[in-house]
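Below is one structure, written out as structure tokens, with a few remarks after it.
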Amino acid sequence: MSKLTLKTEGDRYVIVTRHFAAPPEAVYRAHTDTKLLQKWLLGPEGWTMPVCINEAKPGGKFRYEWVNGKGQGFYVTGEYLELEPYRKTAHVERMHLPDPTPDNHVETRFDADGTGTLMTMCMTLPDAQTRAAMLATGMERGMEASYARLETMLPGA
Amino acid sequence: MEQAINLDAAFSALADPTRRAILARLAKGEASVLELAKPFAMSQPAVSQHLKVLEDAGLVVCRVEGTKRPRRLAKGSVEAMDRWLAILRRALEKNYDRLDEVLASMENPKKK
């Protein structure tokens, strides 16, 4: 059973939900603590994040760099807009491929759900074209090879 | 590649609920404009307008059969979009599976 849901809403939103067994405090920390982020925000198998700069405060900047050890890599930069400890974060981010993609606005909520957490992430994009471009170029150019490998390991959707 | 331009247009085309419904109908098989207009209580010109957007986006193709112009789904385009969302989904699933482990280790902190 997949615990993740991902859907597009209207022409401006991609909404992702995921349940976690840990309380909101822990899930929030894992999303804002540099050392913890570096352990999981990695994408497909084989990628690492050698650079993880993350100033988790309003106005703080972050920069994540990923490489796959085969000469492929890309990075994301962004700024935190809002941090409400253990409940919510909001930031803007852009991928550099190396040209920057338009800003993607991301709001993540952490709601208590039984003894765990329901995380709801809403990506707001300037328009449908930008969303399509993000979903396309970012994922395809930077990660295609790895995903192709990953796909052979996963059952078809 | 031109596919990317196509896909941009495709996402815009999909932003409209009527066009999504038309696609859902065409997913079941080829249909004429008349057949498409019926369930949506829309005029044929209105449906034709939506079909034009879908065709321009490369989502729907038209076949010529005498005086008829039946439409059907251009399978490749829809699959390409599904594939993106699937790729995004897989990246997130992978991340969050790892996050599960990180959270578990936080809950039972071992000596670091």
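Ordering of the structure tokens sets the chain letters (A, B, ...), residue numbers begin anew at 1 in every chain, and ligands are numbered from 1 in the order given.
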
Please list as a PDB file with C-alpha atoms, in the first residue's frame every residue within 9 Å of Thr18 of chain B, counting only C-alpha atoms and excluding residues in the same chain fewer than 3 positions away.
ATOM      1  CA  LEU B  14      -6.114  19.795 -18.962  1.00  0.00           C
ATOM      2  CA  ALA B  21     -14.272  14.961 -19.135  1.00  0.00           C
ATOM      3  CA  ILE B  22     -13.918  14.780 -22.909  1.00  0.00           C
ATOM      4  CA  LEU B  23     -10.602  12.993 -22.468  1.00  0.00           C
ATOM      5  CA  PHE B  40     -22.067  17.380 -21.807  1.00  0.00           C
ATOM      6  CA  VAL B  47     -17.277  20.885 -28.128  1.00  0.00           C
ATOM      7  CA  HIS B  50     -12.517  22.239 -26.750  1.00  0.00           C
TER       8      HIS B  50
END

From a DSSP pass on the backbone, collect the residues of segment 23-76 of chain B flagged as alpha helix (DSSP H) and hand them back as a PDB file with N, CA and C atoms, in the first residue's frame.
ATOM      1  N   LEU B  23     -11.691  13.976 -22.415  1.00  0.00           N
ATOM      2  CA  LEU B  23     -10.602  12.993 -22.468  1.00  0.00           C
ATOM      3  C   LEU B  23     -11.015  11.683 -21.813  1.00  0.00           C
ATOM      4  N   ALA B  24     -11.721  11.806 -20.697  1.00  0.00           N
ATOM      5  CA  ALA B  24     -12.163  10.597 -19.993  1.00  0.00           C
ATOM      6  C   ALA B  24     -13.085   9.782 -20.893  1.00  0.00           C
ATOM      7  N   ARG B  25     -13.952  10.492 -21.626  1.00  0.00           N
ATOM      8  CA  ARG B  25     -14.854   9.796 -22.561  1.00  0.00           C
ATOM      9  C   ARG B  25     -14.045   9.135 -23.683  1.00  0.00           C
ATOM     10  N   LEU B  26     -13.084   9.873 -24.210  1.00  0.00           N
ATOM     11  CA  LEU B  26     -12.296   9.327 -25.317  1.00  0.00           C
ATOM     12  C   LEU B  26     -11.385   8.179 -24.868  1.00  0.00           C
ATOM     13  N   VAL B  33     -17.986  14.097 -32.831  1.00  0.00           N
ATOM     14  CA  VAL B  33     -18.279  15.340 -32.121  1.00  0.00           C
ATOM     15  C   VAL B  33     -19.695  15.288 -31.548  1.00  0.00           C
ATOM     16  N   LEU B  34     -20.610  14.739 -32.337  1.00  0.00           N
ATOM     17  CA  LEU B  34     -21.996  14.623 -31.880  1.00  0.00           C
ATOM     18  C   LEU B  34     -22.085  13.760 -30.621  1.00  0.00           C
ATOM     19  N   GLU B  35     -21.409  12.638 -30.661  1.00  0.00           N
ATOM     20  CA  GLU B  35     -21.417  11.742 -29.487  1.00  0.00           C
ATOM     21  C   GLU B  35     -20.793  12.407 -28.271  1.00  0.00           C
ATOM     22  N   LEU B  36     -19.781  13.220 -28.530  1.00  0.00           N
ATOM     23  CA  LEU B  36     -19.108  13.896 -27.418  1.00  0.00           C
ATOM     24  C   LEU B  36     -19.978  15.006 -26.848  1.00  0.00           C
ATOM     25  N   ALA B  37     -20.727  15.688 -27.725  1.00  0.00           N
ATOM     26  CA  ALA B  37     -21.541  16.827 -27.287  1.00  0.00           C
ATOM     27  C   ALA B  37     -22.696  16.384 -26.391  1.00  0.00           C
ATOM     28  N   LYS B  38     -23.257  15.210 -26.700  1.00  0.00           N
ATOM     29  CA  LYS B  38     -24.469  14.744 -26.014  1.00  0.00           C
ATOM     30  C   LYS B  38     -24.367  14.736 -24.482  1.00  0.00           C
ATOM     31  N   PRO B  39     -23.445  13.982 -23.894  1.00  0.00           N
ATOM     32  CA  PRO B  39     -23.432  13.898 -22.418  1.00  0.00           C
ATOM     33  C   PRO B  39     -23.092  15.217 -21.732  1.00  0.00           C
ATOM     34  N   PHE B  40     -22.475  16.138 -22.447  1.00  0.00           N
ATOM     35  CA  PHE B  40     -22.067  17.380 -21.807  1.00  0.00           C
ATOM     36  C   PHE B  40     -23.099  18.486 -21.993  1.00  0.00           C
ATOM     37  N   GLN B  44     -22.434  21.630 -30.486  1.00  0.00           N
ATOM     38  CA  GLN B  44     -21.326  21.045 -31.225  1.00  0.00           C
ATOM     39  C   GLN B  44     -20.163  22.022 -31.415  1.00  0.00           C
ATOM     40  N   PRO B  45     -20.456  23.298 -31.743  1.00  0.00           N
ATOM     41  CA  PRO B  45     -19.321  24.235 -31.876  1.00  0.00           C
ATOM     42  C   PRO B  45     -18.513  24.362 -30.584  1.00  0.00           C
ATOM     43  N   ALA B  46     -19.214  24.347 -29.438  1.00  0.00           N
ATOM     44  CA  ALA B  46     -18.498  24.462 -28.161  1.00  0.00           C
ATOM     45  C   ALA B  46     -17.579  23.270 -27.957  1.00  0.00           C
ATOM     46  N   VAL B  47     -18.101  22.086 -28.268  1.00  0.00           N
ATOM     47  CA  VAL B  47     -17.277  20.885 -28.128  1.00  0.00           C
ATOM     48  C   VAL B  47     -16.110  20.932 -29.115  1.00  0.00           C
ATOM     49  N   SER B  48     -16.404  21.391 -30.327  1.00  0.00           N
ATOM     50  CA  SER B  48     -15.353  21.494 -31.331  1.00  0.00           C
ATOM     51  C   SER B  48     -14.231  22.418 -30.865  1.00  0.00           C
ATOM     52  N   GLN B  49     -14.625  23.491 -30.172  1.00  0.00           N
ATOM     53  CA  GLN B  49     -13.623  24.432 -29.663  1.00  0.00           C
ATOM     54  C   GLN B  49     -12.703  23.741 -28.645  1.00  0.00           C
ATOM     55  N   HIS B  50     -13.319  22.985 -27.732  1.00  0.00           N
ATOM     56  CA  HIS B  50     -12.517  22.239 -26.750  1.00  0.00           C
ATOM     57  C   HIS B  50     -11.639  21.210 -27.452  1.00  0.00           C
ATOM     58  N   LEU B  51     -12.198  20.570 -28.460  1.00  0.00           N
ATOM     59  CA  LEU B  51     -11.424  19.554 -29.182  1.00  0.00           C
ATOM     60  C   LEU B  51     -10.210  20.175 -29.880  1.00  0.00           C
ATOM     61  N   LYS B  52     -10.410  21.402 -30.352  1.00  0.00           N
ATOM     62  CA  LYS B  52      -9.300  22.075 -31.025  1.00  0.00           C
ATOM     63  C   LYS B  52      -8.145  22.308 -30.039  1.00  0.00           C
ATOM     64  N   VAL B  53      -8.486  22.748 -28.831  1.00  0.00           N
ATOM     65  CA  VAL B  53      -7.454  22.966 -27.805  1.00  0.00           C
ATOM     66  C   VAL B  53      -6.732  21.649 -27.509  1.00  0.00           C
ATOM     67  N   LEU B  54      -7.525  20.593 -27.383  1.00  0.00           N
ATOM     68  CA  LEU B  54      -6.944  19.278 -27.075  1.00  0.00           C
ATOM     69  C   LEU B  54      -6.081  18.765 -28.232  1.00  0.00           C
ATOM     70  N   GLU B  55      -6.522  19.052 -29.450  1.00  0.00           N
ATOM     71  CA  GLU B  55      -5.744  18.619 -30.618  1.00  0.00           C
ATOM     72  C   GLU B  55      -4.449  19.417 -30.733  1.00  0.00           C
ATOM     73  N   ASP B  56      -4.563  20.737 -30.496  1.00  0.00           N
ATOM     74  CA  ASP B  56      -3.360  21.578 -30.558  1.00  0.00           C
ATOM     75  C   ASP B  56      -2.331  21.137 -29.518  1.00  0.00           C
ATOM     76  N   LYS B  75      -2.522   8.595 -27.466  1.00  0.00           N
ATOM     77  CA  LYS B  75      -2.097   7.904 -26.250  1.00  0.00           C
ATOM     78  C   LYS B  75      -0.756   8.393 -25.699  1.00  0.00           C
ATOM     79  N   GLY B  76       0.173   8.619 -26.593  1.00  0.00           N
ATOM     80  CA  GLY B  76       1.528   8.981 -26.159  1.00  0.00           C
ATOM     81  C   GLY B  76       1.587  10.185 -25.238  1.00  0.00           C
TER      82      GLY B  76
END

> When distances are computed from only C-alpha atoms, which of A:Arg29, A:Trp40, A:Thr101, A:Lys35 shows the smallest separation from chain B?
Replying inline: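 Closest to chain B of all the choices is A:Trp40.
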
> Smallest atom-to-atom distance to Pro24 of chain A: which of A:Trp47, A:Tyr75, A:Phe62, A:Phe110, using only C-alpha atoms?
Replying inline: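 Nearest candidate to Pro24 of chain A out of A:Trp47, A:Tyr75, A:Phe62, A:Phe110: A:Phe110.
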
> Pick the closest to Arg109 of chain A from A:Tyr28, A:Tyr80, A:Tyr64, A:Phe20: which is it, counting only C-alpha atoms?
Replying inline: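 For Arg109 of chain A, the nearest of the given residues is A:Tyr28.
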
>> Counting only C-alpha atoms, which residue out of A:Gln72, A:Thr124, A:Thr117, A:Thr89 sits closest to chain B?
In response: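 Nearest candidate to chain B out of A:Gln72, A:Thr124, A:Thr117, A:Thr89: A:Thr117.
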